[in-house]
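Participant: Can you read through this structure? Questions will come right after.
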Amino acid sequence: MSALRTVDDRGARKAGGPQAGAGGRRAAVRAALMALPLLFFAAFFAYPVAAIVTRGLHQGGSWQFGRFADVLGDPGIRHVLWFTCWQAAASTALTLLVALPGAYAFARLDFPGRRLLRAVVTVPFVLPTVVAGSAFLALLGPDGFTDSLVGVRLDTSVWAILIAHVFFNYAVVVRTVGGLWAQLDPAQEEAARMLGSSRLAAWRRVTLPALGPSVAAAALMVFLFTFTSFGVIQILGGPTRSTLEVEIYRQTAEVFDLPTAAVLTLLQFAAVIAILVLHGWTVRRRESVLRLVDPAMTAHRPRGAGERALLGGVLAVIGLVILLPLGVLVARSFDTPSGYGLAFYRALGSTDGGTFSVAPWQTVGNSLRFAAIATVIALTVGGLAAAALVRRAGRLVRGFDALLMLPLGTSAVTVGFGFLIALDKPPLDLRDSWLLVPLAQALVGTPFVVRVMLPVLRAVDERLREAAAVLGASPWRVWREVEMPMVSRAVAIAAGFAFAVSLGEFGATVFIARPDNPTLPVAVARLLGRAGALNHGQAMALSTVLMGVCAASLLALESLRTTGSGEL
Amino acid sequence: MTARAAAGTGARTARHAADGALLRLDAATVRFGARTALDAVDLDVAEHEIVSVLGPSGSGKSTLLRAVAGLTALDGGRVLLGGADQRDVPAHRRGVGLMFQDHQLFPQRDVGGNVGFGPRMHKAPREQRQRRVAELLDLVGLPGARSRSVATLSGGEQQRVALARALAPEPRLLMLDEPLGQLDRSLRERLVVELRQLFGRLGTTVLAVTHDQGEAFALADRVVLMRDGTIAQTGTPLEVWQYPASEFVARFLGFENITDAVVTDGVAVTDWGRLPAPAGAPDGPCRLLVRPTGVLLSAEGVLRCEVAARTFRGGHVAVRVRPERGPLLEAECALRAAPREGERVGVAFDPEDIVVLRG
């Protein structure tokens, strides 16, 4: 019966194909939907990035491609490239190692508090990197948790970076791999066992190949995020460790060597495109035929010593790698020189520190306001893009899909600095506009909106729309009556992600936020950059506030989410 | 336009033009790439008529419904409703109803919300809408189901709600795509009778698509048989059953006793021997059908056969016999009279059940 339906569906879809008269109209609608997102990306992504690359490489009336050789020949830069690659690879491997058992536990084991914990492990993913950096500094740094406990400081070792990356990306693996794992039909593995495979062999031959593409997709995502890591390295890397992204920042903002920065930007761009192409390919492979079932049917209570030990191990890892840093951060924010108290929080209300012309506390309001506006922009742009991409189509549209992911991996520093130098003259003179910050944040939020909404929109049966049309609903009414009620939940989730990501955006905002109007993460970074227990304590307090806001918006989302099959 | 030239069709067209056929397809053509799903189809449906479109999967019958509904655009020809060309009329303004094969109820609305959807789209006032919903739920035998969630409905109940929803905006033409396809047999047989009575009472004009001949014959005033995007035959259920126009139609209806014949002076010479040809059969070679009821098993039969298999079909037994020459024959026997497997019998043919097939 379902096979029959698939054939019918295909017929229905084909019916709207390019040959049909309605097809022309549909292509026109798609083009209209894509117009605004394309314009947005052209003006606020392509143009600034192109401007900064041009500024760096087009000097004295000609292109300075010789800079490539100079930059690549520099041993310092070569060291940066080497470090960027190997720390990303090591972080990815470590994340998979730690998070895959977690993916299994969340997918297949039924234990009390599972949903809440799933939300909690997602908090780091949307947490500003600056906050995570300070959390790990509090945990592993001078006078930190491990220092005072066992006399070991890890903030100078590369382990701090790797663990912080695991902290960030744990949720990516749990959600991407676990989401699919929960839906794999256990009967397949049972069938293999009935045919004489051992438990391990059945897992290796049946489950692993089915999971393979999603593991690869998750690994590539983690690699992308760690390859372009900025805030974590800034805070935990010390003077000797630097990723491409950090180096771009250094060359741009400290050394003022724009040609080198431009070369590095292009390098990173190429690497990110390669990763995204690979990712797109594995995701499409994942869409191949798998027997999927309702996740609720596959979970069971832990059975036997093995599964209980696994669950215990997973919970212990979550406790150590995720809950402990967050806890230590909160604890440090209360740990004043005169005993536990609210002194750091009180200090946030005054301008005495001299770090800013405004009280740090006011940055909370700035951040919320900017993030709210960025969310509206990201929802509009991302929503239109998702609507345009609902019906699968040719290569051109797939390219548009990939283009939307690009800002996730492009150097935020480049984007931020590009904003400064490109958007300061007509026709786009936004130099003094507060709008720059939300625009940059929306650029990062939009890919999340598309990722969350697209699968849900695609799941709406075409014939449900047709049923409404035949009953007299105009295309606009069909959208409002059929689509909206079904995707409103996804819109809320997308909004929450966009909001949290905008709230935490640092790399671009640090360039374009005006000194009298900084955002929360920018304030945290500035406080961390200054000496003194009060500044440090205030940074912890401000980070705790930011974490609270992020966690609250995320927990609100988790209550909306019914099944966890989304990619992120 | 080619089929229109045929004499019989031409006469009917003239009559319907006078009546004003509610639906007219005029050389309607739909192509999907290289494949032609609907190939210059002409069809008229008169007001209050119930027409069943019957055919194997891929014959274009669903495409026909979608083209009339405005969900698939024509590549050629015209669709007229009440005499008006529908070329530039979008689906939501055509005023036709379509009941989908798997119902496609709106999952986030309750039963009342589903049934009231059409009237709401047509801006009916609230009280009128609620009255209409109650009325229709009574009509389909689900009184008081208004606030039930559609997820709690059984297959048969979903089908009833889908029907009520399609009827609610009072469409001038109701189209059903495999309306009973997903239901079990006994429910299907009961519902098809109910549907026919209901449509008769309401005077609804109906165009229904099905691949089940029993369903089509039980529901329709007129049956349209489709093959490869063209109409293979149209007529009343009885006409089609008694005089299949072609071997394709005959085989689709389940007839298997078909063989080559040469007709001379009212006698058809076949592998099975000399059979009486039906009156008016032209001389020359043709394909010949003998309906199973016309294969008479008796000791006196001239054609000697051995019984190869027998299958109980409820009221009768289908007996397959292997003649001494020619292809297998299927006969219909009363329960008691059916011979056993391996038994040797004689076969005679009833001239009433012999049909000459075209093409």
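Residues are referred to by chain and number: the chain letter is A, B, ... according to the order shown in the structure tokens, the number counts from 1 in that chain, and ligands are numbered separately from 1 in the order shown.
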Among the residues of region 54-289 of chain B, find those DSSP assigns to alpha helix (DSSP H) from the backbone and print them as a ChimeraX atom specification.
Facilitator: /B:61-69,111-115,117-121,126-139,155-167,185-202,213-219,237-242,247-252
Participant: Need the shell around region 290-301 of chain B: protein/DNA/RNA residues with any atom at most 6 Å away, counting only C-alpha atoms. Skip same-chain ones fewer than 4 positions apart. Format as a VMD selection string?
Facilitator: chain B and resid 257 330 to 332 345 to 350 353 to 354
Participant: Up to 10 Å from chain A, what residues of chain B turn up? Count only C-alpha atoms and give them as a ChimeraX atom specification.
Facilitator: /B:30-33,57-58,62-63,66-67,69-75,90-109,114-123,165-171,181-182
Participant: Select from region 112-336 of chain B everything DSSP, run on the backbone, classes as strand (DSSP E), then give the selection as a PyMOL selection string.
Facilitator: chain B and resi 173-177+206-210+222-227+230-235+258-264+267-270+273-276+284-290+295-298+303-313+316-323+329-334
Participant: Which residues are near Val452 (chain A)? Cut-off 9 Å, only C-alpha atoms, ignore same chain within fewer than 2 positions. Put them as a list of chain:residue names.
Facilitator: A:Pro447, A:Phe448, A:Val449, A:Val450, A:Leu454, A:Pro455, A:Val456, A:Ala490, A:Val491, A:Ile493, A:Ala494, A:Phe497, A:Gly566, A:Glu567, A:Leu568
Participant: Please produce an output containing N, CA and C atoms for each residue in the selection, written as a PDB file, in the first residue's frame.
Facilitator:
```pdb
ATOM      1  N   PRO A 447      21.180  30.005   8.421  1.00  0.00           N
ATOM      2  CA  PRO A 447      21.355  28.580   8.103  1.00  0.00           C
ATOM      3  C   PRO A 447      20.601  27.663   9.069  1.00  0.00           C
ATOM      4  N   PHE A 448      20.532  28.054  10.333  1.00  0.00           N
ATOM      5  CA  PHE A 448      19.809  27.228  11.301  1.00  0.00           C
ATOM      6  C   PHE A 448      18.322  27.214  10.992  1.00  0.00           C
ATOM      7  N   VAL A 449      17.796  28.377  10.629  1.00  0.00           N
ATOM      8  CA  VAL A 449      16.375  28.456  10.298  1.00  0.00           C
ATOM      9  C   VAL A 449      16.062  27.527   9.124  1.00  0.00           C
ATOM     10  N   VAL A 450      16.910  27.582   8.096  1.00  0.00           N
ATOM     11  CA  VAL A 450      16.663  26.745   6.920  1.00  0.00           C
ATOM     12  C   VAL A 450      16.758  25.273   7.291  1.00  0.00           C
ATOM     13  N   LEU A 454      13.278  23.244   6.725  1.00  0.00           N
ATOM     14  CA  LEU A 454      13.184  22.543   5.445  1.00  0.00           C
ATOM     15  C   LEU A 454      12.626  21.115   5.573  1.00  0.00           C
ATOM     16  N   PRO A 455      13.165  20.292   6.498  1.00  0.00           N
ATOM     17  CA  PRO A 455      12.637  18.923   6.582  1.00  0.00           C
ATOM     18  C   PRO A 455      11.147  18.902   6.937  1.00  0.00           C
ATOM     19  N   VAL A 456      10.733  19.837   7.779  1.00  0.00           N
ATOM     20  CA  VAL A 456       9.323  19.852   8.190  1.00  0.00           C
ATOM     21  C   VAL A 456       8.444  20.260   7.010  1.00  0.00           C
ATOM     22  N   ALA A 490       7.924  24.180  14.050  1.00  0.00           N
ATOM     23  CA  ALA A 490       9.275  24.296  13.495  1.00  0.00           C
ATOM     24  C   ALA A 490       9.720  25.753  13.449  1.00  0.00           C
ATOM     25  N   VAL A 491       8.775  26.646  13.176  1.00  0.00           N
ATOM     26  CA  VAL A 491       9.113  28.066  13.149  1.00  0.00           C
ATOM     27  C   VAL A 491       9.582  28.501  14.536  1.00  0.00           C
ATOM     28  N   ILE A 493      10.916  26.601  16.831  1.00  0.00           N
ATOM     29  CA  ILE A 493      12.235  26.010  17.101  1.00  0.00           C
ATOM     30  C   ILE A 493      13.316  26.779  16.346  1.00  0.00           C
ATOM     31  N   ALA A 494      13.026  27.091  15.071  1.00  0.00           N
ATOM     32  CA  ALA A 494      13.992  27.839  14.267  1.00  0.00           C
ATOM     33  C   ALA A 494      14.259  29.196  14.903  1.00  0.00           C
ATOM     34  N   PHE A 497      16.564  28.788  17.914  1.00  0.00           N
ATOM     35  CA  PHE A 497      17.955  28.561  17.525  1.00  0.00           C
ATOM     36  C   PHE A 497      18.591  29.852  17.037  1.00  0.00           C
ATOM     37  N   GLY A 566      15.580  15.985  13.733  1.00  0.00           N
ATOM     38  CA  GLY A 566      16.239  17.101  13.041  1.00  0.00           C
ATOM     39  C   GLY A 566      17.731  16.891  12.958  1.00  0.00           C
ATOM     40  N   GLU A 567      18.374  17.678  12.107  1.00  0.00           N
ATOM     41  CA  GLU A 567      19.802  17.502  11.931  1.00  0.00           C
ATOM     42  C   GLU A 567      20.593  18.161  13.044  1.00  0.00           C
ATOM     43  N   LEU A 568      20.046  19.234  13.578  1.00  0.00           N
ATOM     44  CA  LEU A 568      20.817  19.993  14.553  1.00  0.00           C
ATOM     45  C   LEU A 568      20.187  19.904  15.947  1.00  0.00           C
TER      46      LEU A 568
END
```
Participant: When you look at region 335-337 of chain A with a cut-off of 8 Å (counting only C-alpha atoms), what residues show up, excluding the ones that are within fewer than 5 positions of it in the same chain? I need them as a list in words.
Facilitator: Leu342, Ala343, Phe344, Ala533 and Gly537 of chain A
Participant: Those same residues - N, CA, C and O atoms - I'd like them written as a PDB file, in the first residue's frame.
Facilitator:
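Final output, out21.pdb:
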```pdb
ATOM      1  N   LEU A 342      27.055  38.261  45.966  1.00  0.00           N
ATOM      2  CA  LEU A 342      26.582  38.801  44.705  1.00  0.00           C
ATOM      3  C   LEU A 342      27.396  40.017  44.254  1.00  0.00           C
ATOM      4  O   LEU A 342      26.964  40.758  43.381  1.00  0.00           O
ATOM      5  N   ALA A 343      28.589  40.189  44.830  1.00  0.00           N
ATOM      6  CA  ALA A 343      29.367  41.386  44.558  1.00  0.00           C
ATOM      7  C   ALA A 343      29.618  41.581  43.069  1.00  0.00           C
ATOM      8  O   ALA A 343      29.467  42.686  42.543  1.00  0.00           O
ATOM      9  N   PHE A 344      29.983  40.485  42.341  1.00  0.00           N
ATOM     10  CA  PHE A 344      30.272  40.617  40.917  1.00  0.00           C
ATOM     11  C   PHE A 344      29.028  41.036  40.149  1.00  0.00           C
ATOM     12  O   PHE A 344      29.090  41.825  39.216  1.00  0.00           O
ATOM     13  N   ALA A 533      40.715  40.693  39.765  1.00  0.00           N
ATOM     14  CA  ALA A 533      39.707  39.724  40.171  1.00  0.00           C
ATOM     15  C   ALA A 533      38.308  40.240  39.889  1.00  0.00           C
ATOM     16  O   ALA A 533      37.415  39.487  39.523  1.00  0.00           O
ATOM     17  N   GLY A 537      35.727  38.309  37.716  1.00  0.00           N
ATOM     18  CA  GLY A 537      34.485  37.891  38.370  1.00  0.00           C
ATOM     19  C   GLY A 537      33.265  38.411  37.633  1.00  0.00           C
ATOM     20  O   GLY A 537      32.279  37.692  37.451  1.00  0.00           O
TER      21      GLY A 537
END
```
Participant: Which residues, written as an mmCIF file with all heavy atoms, in the first residue's frame, have at least one atom at most 8 Å from Phe225 (chain A), with only C-alpha atoms counted and residues fewer than 4 positions away on the same chain left out?
Facilitator:
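The result, stored in part.cif:
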```cif
data_model
loop_
_atom_site.group_PDB
_atom_site.id
_atom_site.type_symbol
_atom_site.label_atom_id
_atom_site.label_comp_id
_atom_site.auth_asym_id
_atom_site.auth_seq_id
_atom_site.Cartn_x
_atom_site.Cartn_y
_atom_site.Cartn_z
ATOM 1 N N MET A 221 30.395 18.054 10.219
ATOM 2 C CA MET A 221 29.885 19.256 10.866
ATOM 3 C C MET A 221 30.797 19.668 12.027
ATOM 4 O O MET A 221 31.137 20.839 12.192
ATOM 5 C CB MET A 221 28.460 19.016 11.392
ATOM 6 C CG MET A 221 27.382 19.442 10.419
ATOM 7 S SD MET A 221 27.458 21.205 10.124
ATOM 8 C CE MET A 221 27.322 21.359 8.387
ATOM 9 N N SER A 229 37.108 27.383 14.599
ATOM 10 C CA SER A 229 36.957 27.785 15.996
ATOM 11 C C SER A 229 37.684 29.101 16.281
ATOM 12 O O SER A 229 38.816 29.307 15.852
ATOM 13 C CB SER A 229 37.526 26.674 16.885
ATOM 14 O OG SER A 229 37.360 27.014 18.231
ATOM 15 N N GLY A 409 30.513 28.639 8.071
ATOM 16 C CA GLY A 409 31.923 28.264 8.108
ATOM 17 C C GLY A 409 32.867 29.386 7.733
ATOM 18 O O GLY A 409 34.067 29.301 7.976
#
```
Participant: Just checking: using only C-alpha atoms, which residue out of B:Asp283, B:Glu194, B:Glu352, B:Glu324 ends up closest to Val302 (chain B)?
Facilitator: B:Glu324
Participant: Grab the CA of Pro285 (chain B) to CA of Asp271 (chain B) distance for me, in Å with one decimal place.
Facilitator: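 We find that CA of Pro285 (chain B) and CA of Asp271 (chain B) lie 12.9 Å from each other.
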Participant: Using only C-alpha atoms, determine which residues lie at most 12 Å from region 357-368 of chain A, disregarding the query and same-chain residues fewer than 3 positions distant; provide the list as an MDAnalysis selection string.
Facilitator: chainID A and resid 128 344:354 371:375 434:435 437:438 441 499:506 509 513:527 535 538:539 541:550 553
Participant: Calculated over only C-alpha atoms, which of the candidates B:Arg336, B:His211, B:His48, B:Arg274 has the smallest distance to Met226 (chain B)?
Facilitator: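 Checking each candidate against Met226 (chain B), we get B:His211 as the closest.
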Participant: Compile the contact shell of Gln87 (chain A) as a list in words: residues with an atom at most 8 Å away, counting only C-alpha atoms, same-chain residues fewer than 6 positions apart removed.
Facilitator: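 Residues near the query, excluding close chain neighbours: Leu162, Thr226 and Phe227 of chain A.
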Participant: Put those residues in a file: N, CA, C and O atoms, as a compact mmCIF listing (two decimals), in the first residue's frame.
Facilitator:
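The resulting file, again.txt, is reproduced below:
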```txt
# COMPACT_ATOMS: atom_id res chain seq x y z
N LEU A 162 40.72 20.82 23.18
CA LEU A 162 40.02 19.64 22.68
C LEU A 162 38.77 19.36 23.52
O LEU A 162 37.70 19.07 22.99
N THR A 226 35.00 23.09 14.42
CA THR A 226 36.27 23.18 15.13
C THR A 226 37.36 23.76 14.24
O THR A 226 38.26 24.43 14.72
N PHE A 227 37.26 23.52 12.94
CA PHE A 227 38.22 24.08 12.00
C PHE A 227 38.17 25.61 12.04
O PHE A 227 39.19 26.28 11.91
```
Participant: Determine the nearest neighbour of Gly382 (chain A) from the options A:Val173, A:Leu97, A:Ala316, A:Ala495, counting only C-alpha atoms.
Facilitator: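 The answer is A:Ala495, which sits nearest to Gly382 (chain A).
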Participant: From the set B:Ala27, B:Val45, B:Leu198, B:Val355, which residue has the shortest atom-to-atom contact distance to Ala250 (chain B), counting only C-alpha atoms?
Facilitator: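 Going through B:Ala27, B:Val45, B:Leu198, B:Val355 one by one, the smallest distance to Ala250 (chain B) is for B:Val355.
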